[in-house]
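Heads up: the structure comes next, in structure tokens.
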Amino acid sequence: MTLNSKIPGGSLAQKWDNHKFEMNVINPVNKRKFQLIVVGTGLAGASAAASLGELGYNVMNFCIQDSPRRAHSIGAQGGINAAKNYPNDGDSIWRLFYDTIKGGDYRAREANVYRLAQVSNNIIDQCVAQGVPFAREYGGLLANRSFGGALVARTFYARGQTGQQLLLGAYSSLMHQVDEGMVRLFPRHEMVDLVIVDGKARGIVTRNLVTGAYDTFVADAVILATGGYGTAYYLSTLATNSNAAAIWRAHKKGAFFGNPCFVQIHPTCIPRSGDYQSKLTLMSESLRNDGRVWVPKNKGDKRPPNEIPEEERDYYLERKYPTFGNMVPRDVASRNAKAVCDEGRGVGDTGLAVYLDFSDAIKRFGQATIEEKYGNLFEMYKLITDEDGYEVPMRIFPAVHYTMGGLWVDYNLMSNLPGLYVLGEANFSDHGANRLGASALMQGLSDGYFVIPYTIGDYLAGTNLQKVTEDHDSFKEAISDVKARDEKLLSMNGSRTVKEFHREIGNILWNYVGMSRDKEGLKQALQKIPQLRDEFWQDVKVAGRADTLNKNLEFAGRVADYMELAELMAYDALHRTESCGGHFREESQTKEGEALRDDENFTYVAAWEFKGTDKKWELHKEPLIFENVTPVQRSYK
Amino acid sequence: MEKKNMTIHLKIWRQKDSLAKGRFVSYTVDDVNPDMSFLEMLDILNEKLIRQNEEPLEFDNDCREGICGMCGVVINGTAHGPRRGTTTCELRMREFRDGDTIVVEPWRAKGFPVLKDLVVDRSAFDRIISKGGYITIRTGSAPEASAIHVPKENADLAMDYAACIGCGACVAACPNASAALFVGAKISQFALLPQGHPEAIRRVERMTAQMDTEKFGACSNHGECEAVCPKKISITAIARMRREYWKALVA
């Protein structure tokens with residue numbers, strides 16, 4: 001099968017406008033005849049459901065939390081990028097596009113990224129109008145700060161709670177549409193399968209997380225906005241309920257998975273302290289605006305940080321990357337932190353941490369200014385570590401944070417399965433092999449507010465959709481498969497808990513498909529994962545019953561997915577013998593130890609087709625064509 | 001620095017479903033590391049219960065970094081526990097001592113029926129928001145962002161109120177189970193921004209009416225809500241809401 005990315009013709013700047021004009025449009029009074037399903041209520045899902053409801057479509061919106069306001073977009077701290085150029089520092093749509101495509105190490109589509117940069121400004125307008133309380137200057141205008149991978153200040157923010165405030169904005173519009181009767185909400189419902197009829201996505205199966213009831217829902221199109229799969233690593237900055245169920249089960253129904261090995265490991269997280277730990281806490285990358293990263297020059301220097309004199313400190317990012325300094329992109333910052341720790345210069349009890357030091361910034365601006373900018377992050381750090389970041393340098397270490405990979409979609413955000421759309425982190429589309437800071441919020445809202453409302457109309461208008469009901473065999477089959485799977489999980493009563501299996505699969509991924517990868521390690525992972533999967537299906541112990549609220553059963557289903565997904569991640573990582581962005585292959589690096597791409601052989605999106613659990617995936621390649629930028633070795637020196 | 005592990009005794013509310021009668025059940029958790037979060041301590045209890053073929057304890061949680069508002073239990077009589085300005089998930093075991101007995105209960109309020117164990121139904125909050133906790137703006141119709149000026153003081157204050165995470169601790173702590181702080185925070189955020197003004201009257205009327213429909217009690221200025229709010233939202237939100245309400249009455 002050839003993948004058709006459906007990139008419109010015309011010059012880069014005109015593609016989206018041309019496309020909007022060429023697409024089919026549905027008469028406003030006919031929109032109410034269509035039923036749409038949106039799964040997920042994060043930035044992408046909530047903004048899509050609200051905007052589609054406003055247009056007049058009937059929308060059913062599902063989420064696993066008790067309220068749509070709690071989706072994990074809420075955890076994003078630092079900000080959202082836009083090409084407004086309010087600071088007058090030379091920003092433009094082109095520069096945002098260029099930074100994003102370069103930041104992604106030339107593994108994203110030009111047309112998608114350009115569109116993202118174009119609509120970025122509309123997003124800020126939309127959010128301000130909704131009452132999102134962005135930070136402002138004394139004159140009453142919007143404030144900006146800078147983020148990694150950019151030399152301009154283009155990031156809008158609401159203290160350290162930008163994701164929360166943007167999500168509450170989208171949620172408020174969503175709840176308005178609920179009140180208008182255009183969106184029906186289904187909180188505490190987990191999508192457990194996708195239903196295909198005549199080759200088209202026509203509905204979903206859900207489990208009611210309170211009663212345990214399995215239900216089916218029919219629609220004319222299904223939109224997944226269910227986030228990334230970083231929880232496969234067990235420890236990550238994701239929420240405990242974040243999971244891959246929706247995208248993974250759609251993948252098993254035929255949707256191709258794009259670049260599964262592209263995972264972002266975020267440099268500024270609070271280091272782990274013990275085995276009991278259930279998650280890692282991120283501190284916004286914006287801290288690197290004013291904080292300086294360092295380790296002792298000498299190995300094994302165990303003196304308290306404040307006793308280490310200036311000349312015995314190595315500000316390694318400033319030393320190696322004088323132009324970008326502490327503001328290098330995330331993949332570069334993480335890899336360098338790992339490198340200095342591997343050299344034995346890591347700090348803290350575990351030696352797996354580096355310092356993030358604010359003493360110079362406090363001297364220059366005063367503690368009050370630093371408090372106003374980052375107060376909540378310092379509080380969070382104190383709460384977790386019992387240390388005061390104003391007095392002693394913070395300790396930070398990289399942690400799994402975001403997955404650039406996801407279901408493959410075309411320019412219209414439709415997967416290879418007709419009628420199945422994938423938005424936000426759940427798709428693979430805009431960030432290539434590394435996402436720049438403050439770009440996730442931008443992409444989620446771009447997809448939901450400004451892309452899907454147009455592109456879905458084109459599909460619905462141009463497709464002959466036969467009438468389908470829940471009595472169709474495909475729905476009956478799907479629901480009985482799902483029930484059988486849960487029954488099997490509950491019936492094994494083995495000797496290891498779901499958490500133990502989750503930890504084990506996470507360890508394999510972290511060790512072999514983590515910050516650096518090599519052929520030997522990946523081959524080992526590909527042996528260990530199927531072995532662990534077999535053990536899981538023979539020996540897992542799941543508590544309780546299916547006909548009640550049972551979080552242990554929910555988790556068991558999700559961990560079962562990771563047992564398969566982890567294999568695909570390792571498989572993809574092994575096949576891509578180049579380094580690019582967050583995917584660092586030991587075998588492919590420059591003399592200075594930077595990621596070395598192999599453009600001749602790997603300038604493509606790897607889209608994997610599922611062939612059966614014990615069969616190999618089939619690779620489909622979507623070539624990436626660069627007509628407007630020339631891929632070069634990324635340099636932040 | 002090596003920290004000494006603790007033994008913690010727990011009395012936890014167990015309730016099979018919304019119709020069943022609940023009761024307290026006692027448990028003991030050994031080897032509690034003081035740096036552990038309160039929920040990680042409950043995770044350990046659950047692993048133990050699962051191994052013993054008992055039903056694990058159900059409690060809501062998600063982000064585990066104090067921002068999603070999903071978690072929340074009453075700990076020794078205080079919503080979200082002893083430390084001010086934190087959610088249950090942010091609470092660390094170093095707040096307790098070796099050998100302590102901790103009593104854990106769900107939010108208790110008519111507006112928040114218990115679903116199972118410590119899990120309650122807070123959908124009433126969503127219904128209140130749906131009645132006016134928004135500014136009507138069709139996607140795509142927004143004016144240029146810099147056309148709207150907001151004095152920094154107002155923007156900062158609006159952000160203070162907007163920080164509400166909708167956890168419901170205010171209701172759980174209030175002797176009247178009033179939702180006034182939650183509703184007041186949203187109304188105050190929009191009252192401080194010019195974008196919020198056109199719908200101000202309709203907003204306060206509809207949201208307060210829904211608050212009554214959902215069986216939340218009236219506010220009688222106890223101030224317990226402010227004391228337990230993990231985001232330290234000021235009770236001035238309620239005063240502002242009252243002002244908006246009076247404005248609506250005379251409008």
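Starting from 1 in every chain, residues are counted up; chains themselves are A, B, ... following the order of the structure tokens, and ligands are numbered from 1 as listed.
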
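For chain B, the residues within 6 Å of chain A are Ile50, Glu55, Asp62, Cys63, Cys68, Ser130, Tyr134, Ile135, Ala142, Glu144, Ala145, His149, Val150, Pro151, Lys152, Ala155 and Met159 of chain B, with only C-alpha atoms used to measure distance.
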
Please produce a file of those selected residues containing N, CA and C atoms, as a compact mmCIF listing (two decimals), in the first residue's frame.
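Listed below is the output, part.txt:
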```txt
# COMPACT_ATOMS: atom_id res chain seq x y z
N ILE B 50 -3.84 -6.82 46.98
CA ILE B 50 -3.98 -7.65 45.76
C ILE B 50 -3.33 -9.02 46.00
N GLU B 55 -9.89 -7.05 47.70
CA GLU B 55 -10.14 -5.98 46.73
C GLU B 55 -9.33 -4.75 47.09
N ASP B 62 -4.61 11.20 39.28
CA ASP B 62 -4.16 11.16 37.89
C ASP B 62 -2.77 11.78 37.72
N CYS B 63 -2.66 13.11 37.75
CA CYS B 63 -1.37 13.72 37.41
C CYS B 63 -0.31 13.49 38.48
N CYS B 68 -4.20 18.43 38.32
CA CYS B 68 -5.40 17.98 37.60
C CYS B 68 -6.66 18.04 38.45
N SER B 130 -21.07 24.53 32.99
CA SER B 130 -21.80 24.55 31.72
C SER B 130 -22.86 25.66 31.70
N TYR B 134 -17.90 30.27 31.15
CA TYR B 134 -17.21 30.40 29.87
C TYR B 134 -17.45 31.79 29.31
N ILE B 135 -16.66 32.15 28.33
CA ILE B 135 -16.90 33.36 27.55
C ILE B 135 -17.27 32.88 26.15
N ALA B 142 -12.19 35.34 17.08
CA ALA B 142 -11.54 36.18 18.08
C ALA B 142 -10.82 37.35 17.44
N GLU B 144 -7.72 40.21 17.25
CA GLU B 144 -6.27 40.16 17.49
C GLU B 144 -6.00 40.30 19.00
N ALA B 145 -5.17 39.39 19.50
CA ALA B 145 -4.97 39.29 20.95
C ALA B 145 -4.51 40.59 21.58
N HIS B 149 -6.41 45.03 26.02
CA HIS B 149 -5.44 45.37 27.07
C HIS B 149 -6.02 44.99 28.41
N VAL B 150 -5.21 44.37 29.25
CA VAL B 150 -5.65 44.06 30.60
C VAL B 150 -4.57 44.55 31.55
N PRO B 151 -4.89 45.45 32.48
CA PRO B 151 -3.87 45.88 33.43
C PRO B 151 -3.23 44.68 34.12
N LYS B 152 -1.93 44.75 34.33
CA LYS B 152 -1.21 43.62 34.89
C LYS B 152 -1.81 43.17 36.22
N ALA B 155 -4.81 41.12 35.49
CA ALA B 155 -4.44 39.84 34.87
C ALA B 155 -3.89 38.89 35.93
N MET B 159 -5.59 35.45 37.27
CA MET B 159 -4.83 34.19 37.29
C MET B 159 -4.93 33.53 38.67
```

For B:Thr101, work out the shell of residues within 8 Å, counting only C-alpha atoms and skipping chain neighbours fewer than 5 positions away, then give it as a ChimeraX atom specification. /B:8-11

Written file, previous selection with N, CA and C atoms, as a tab-separated table (two decimals), in the first residue's frame:
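The resulting file, part.tsv, is reproduced below:
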```
chain	number	residue	atom	x	y	z
B	8	ILE	N	2.89	2.84	59.50
B	8	ILE	CA	1.72	3.71	59.52
B	8	ILE	C	0.46	2.85	59.64
B	9	HIS	N	-0.39	3.23	60.59
B	9	HIS	CA	-1.69	2.56	60.73
B	9	HIS	C	-2.75	3.41	60.05
B	10	LEU	N	-3.66	2.72	59.38
B	10	LEU	CA	-4.67	3.45	58.62
B	10	LEU	C	-6.06	2.99	59.00
B	11	LYS	N	-6.99	3.94	59.08
B	11	LYS	CA	-8.42	3.59	59.18
B	11	LYS	C	-9.07	4.21	57.96
```

If we count only C-alpha atoms, what is near B:Gln210 at a cut-off of 9 Å, once residues fewer than 4 positions away on the same chain are taken out, given as JSON, numbers by chain? {"B": [124, 127, 128, 131, 205, 206, 214, 215]}

Excluding A:Phe262 and any residue of its chain fewer than 6 positions from it, enumerate the residues within 10 Å of it, using only C-alpha atoms, and give them as a VMD selection string. chain A and resid 402 to 406 428 431 to 435 513 to 514 569 572 to 573 580 to 584

Just the strand (DSSP E) stuff from stretch 175-234 of chain A, please, per backbone DSSP, written as a ChimeraX atom specification. /A:183-186,189-197,200-208,214-218,221-224

Take the residues from that selection and put them in a file with N, CA and C atoms, as a short mmCIF file (atom, residue, chain, number, x, y, z; two decimals), in the first residue's frame.
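Generated output (result-v7.cif):
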```cif
data_model
loop_
_atom_site.label_atom_id
_atom_site.label_comp_id
_atom_site.auth_asym_id
_atom_site.auth_seq_id
_atom_site.Cartn_x
_atom_site.Cartn_y
_atom_site.Cartn_z
N VAL A 183 -22.90 18.80 22.27
CA VAL A 183 -21.94 17.77 22.67
C VAL A 183 -22.52 16.98 23.83
N ARG A 184 -22.45 15.67 23.70
CA ARG A 184 -22.81 14.82 24.84
C ARG A 184 -21.53 14.30 25.45
N LEU A 185 -21.39 14.43 26.77
CA LEU A 185 -20.16 14.04 27.45
C LEU A 185 -20.28 12.66 28.04
N PHE A 186 -19.20 11.91 27.96
CA PHE A 186 -19.16 10.59 28.59
C PHE A 186 -17.89 10.48 29.44
N HIS A 189 -15.33 6.99 30.90
CA HIS A 189 -15.53 5.96 29.88
C HIS A 189 -14.19 5.76 29.18
N GLU A 190 -13.76 4.53 29.08
CA GLU A 190 -12.51 4.25 28.39
C GLU A 190 -12.80 3.58 27.06
N MET A 191 -12.23 4.12 25.98
CA MET A 191 -12.36 3.46 24.68
C MET A 191 -11.50 2.21 24.70
N VAL A 192 -12.13 1.05 24.49
CA VAL A 192 -11.36 -0.19 24.52
C VAL A 192 -11.26 -0.86 23.16
N ASP A 193 -12.01 -0.35 22.18
CA ASP A 193 -11.80 -0.85 20.81
C ASP A 193 -12.40 0.10 19.79
N LEU A 194 -11.86 -0.02 18.58
CA LEU A 194 -12.36 0.75 17.46
C LEU A 194 -13.17 -0.21 16.59
N VAL A 195 -14.26 0.27 16.02
CA VAL A 195 -15.07 -0.61 15.17
C VAL A 195 -15.00 -0.12 13.72
N ILE A 196 -14.67 -1.07 12.85
CA ILE A 196 -14.55 -0.78 11.42
C ILE A 196 -15.70 -1.47 10.69
N VAL A 197 -16.39 -0.73 9.84
CA VAL A 197 -17.43 -1.32 9.00
C VAL A 197 -17.12 -0.93 7.56
N LYS A 200 -14.25 1.41 6.95
CA LYS A 200 -14.27 2.77 7.51
C LYS A 200 -14.48 2.72 9.02
N ALA A 201 -13.87 3.68 9.72
CA ALA A 201 -14.07 3.77 11.17
C ALA A 201 -15.49 4.25 11.43
N ARG A 202 -16.28 3.42 12.14
CA ARG A 202 -17.69 3.76 12.35
C ARG A 202 -18.13 3.72 13.80
N GLY A 203 -17.20 3.55 14.71
CA GLY A 203 -17.65 3.57 16.09
C GLY A 203 -16.62 3.03 17.04
N ILE A 204 -17.00 3.00 18.31
CA ILE A 204 -16.07 2.52 19.33
C ILE A 204 -16.80 1.65 20.35
N VAL A 205 -16.00 0.88 21.09
CA VAL A 205 -16.51 0.16 22.25
C VAL A 205 -15.90 0.84 23.47
N THR A 206 -16.71 1.05 24.49
CA THR A 206 -16.17 1.65 25.71
C THR A 206 -16.47 0.77 26.91
N ARG A 207 -15.68 0.96 27.96
CA ARG A 207 -16.03 0.38 29.25
C ARG A 207 -16.36 1.53 30.19
N ASN A 208 -17.53 1.46 30.80
CA ASN A 208 -17.93 2.43 31.79
C ASN A 208 -17.11 2.16 33.05
N TYR A 214 -19.98 -2.58 29.32
CA TYR A 214 -19.39 -2.39 27.99
C TYR A 214 -20.47 -1.86 27.06
N ASP A 215 -20.16 -0.79 26.32
CA ASP A 215 -21.15 -0.19 25.43
C ASP A 215 -20.54 0.06 24.07
N THR A 216 -21.40 0.15 23.07
CA THR A 216 -20.91 0.49 21.72
C THR A 216 -21.57 1.80 21.28
N PHE A 217 -20.84 2.57 20.49
CA PHE A 217 -21.35 3.84 19.99
C PHE A 217 -21.05 3.93 18.49
N VAL A 218 -22.05 4.32 17.73
CA VAL A 218 -21.92 4.41 16.27
C VAL A 218 -21.72 5.87 15.86
N ALA A 221 -17.73 9.35 11.88
CA ALA A 221 -16.27 9.43 11.90
C ALA A 221 -15.83 9.39 13.36
N VAL A 222 -14.61 8.92 13.58
CA VAL A 222 -14.07 8.80 14.93
C VAL A 222 -12.78 9.60 15.01
N ILE A 223 -12.70 10.45 16.03
CA ILE A 223 -11.51 11.30 16.21
C ILE A 223 -10.82 10.88 17.51
N LEU A 224 -9.58 10.46 17.40
CA LEU A 224 -8.83 10.10 18.60
C LEU A 224 -7.92 11.26 19.00
#
```

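For the choices A:Asn306, A:Leu441, A:Thr162, A:His472, the atom-to-atom distance to A:Tyr390 is smallest for A:Asn306 when using only C-alpha atoms.
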
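The two atoms in question, atom CA of B:Thr28 and atom CA of B:Cys229, are spaced 28.8 Å apart.
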
For B:Cys225, find every residue with an atom within 9 Å (counting only C-alpha atoms), except residues of its own chain fewer than 6 positions away, and show them as number ranges by chain. B: 169-174, 178-181, 233-235

Residues from the last selection, C-alpha atoms, saved as a PDB file, in the first residue's frame:
```
ATOM      1  CA  ALA B 169     -11.921  20.270  48.834  1.00  0.00           C
ATOM      2  CA  CYS B 170     -13.738  23.564  49.508  1.00  0.00           C
ATOM      3  CA  VAL B 171     -17.061  21.742  49.501  1.00  0.00           C
ATOM      4  CA  ALA B 172     -15.725  18.875  51.610  1.00  0.00           C
ATOM      5  CA  ALA B 173     -14.367  21.259  54.244  1.00  0.00           C
ATOM      6  CA  CYS B 174     -17.420  23.510  54.470  1.00  0.00           C
ATOM      7  CA  SER B 178     -21.161  25.068  49.972  1.00  0.00           C
ATOM      8  CA  ALA B 179     -19.567  25.373  46.541  1.00  0.00           C
ATOM      9  CA  ALA B 180     -19.245  29.160  46.845  1.00  0.00           C
ATOM     10  CA  LEU B 181     -15.437  29.268  46.587  1.00  0.00           C
ATOM     11  CA  ILE B 233      -7.690  30.689  46.460  1.00  0.00           C
ATOM     12  CA  SER B 234      -8.798  33.650  48.501  1.00  0.00           C
ATOM     13  CA  ILE B 235     -12.253  33.861  50.013  1.00  0.00           C
TER      14      ILE B 235
END
```
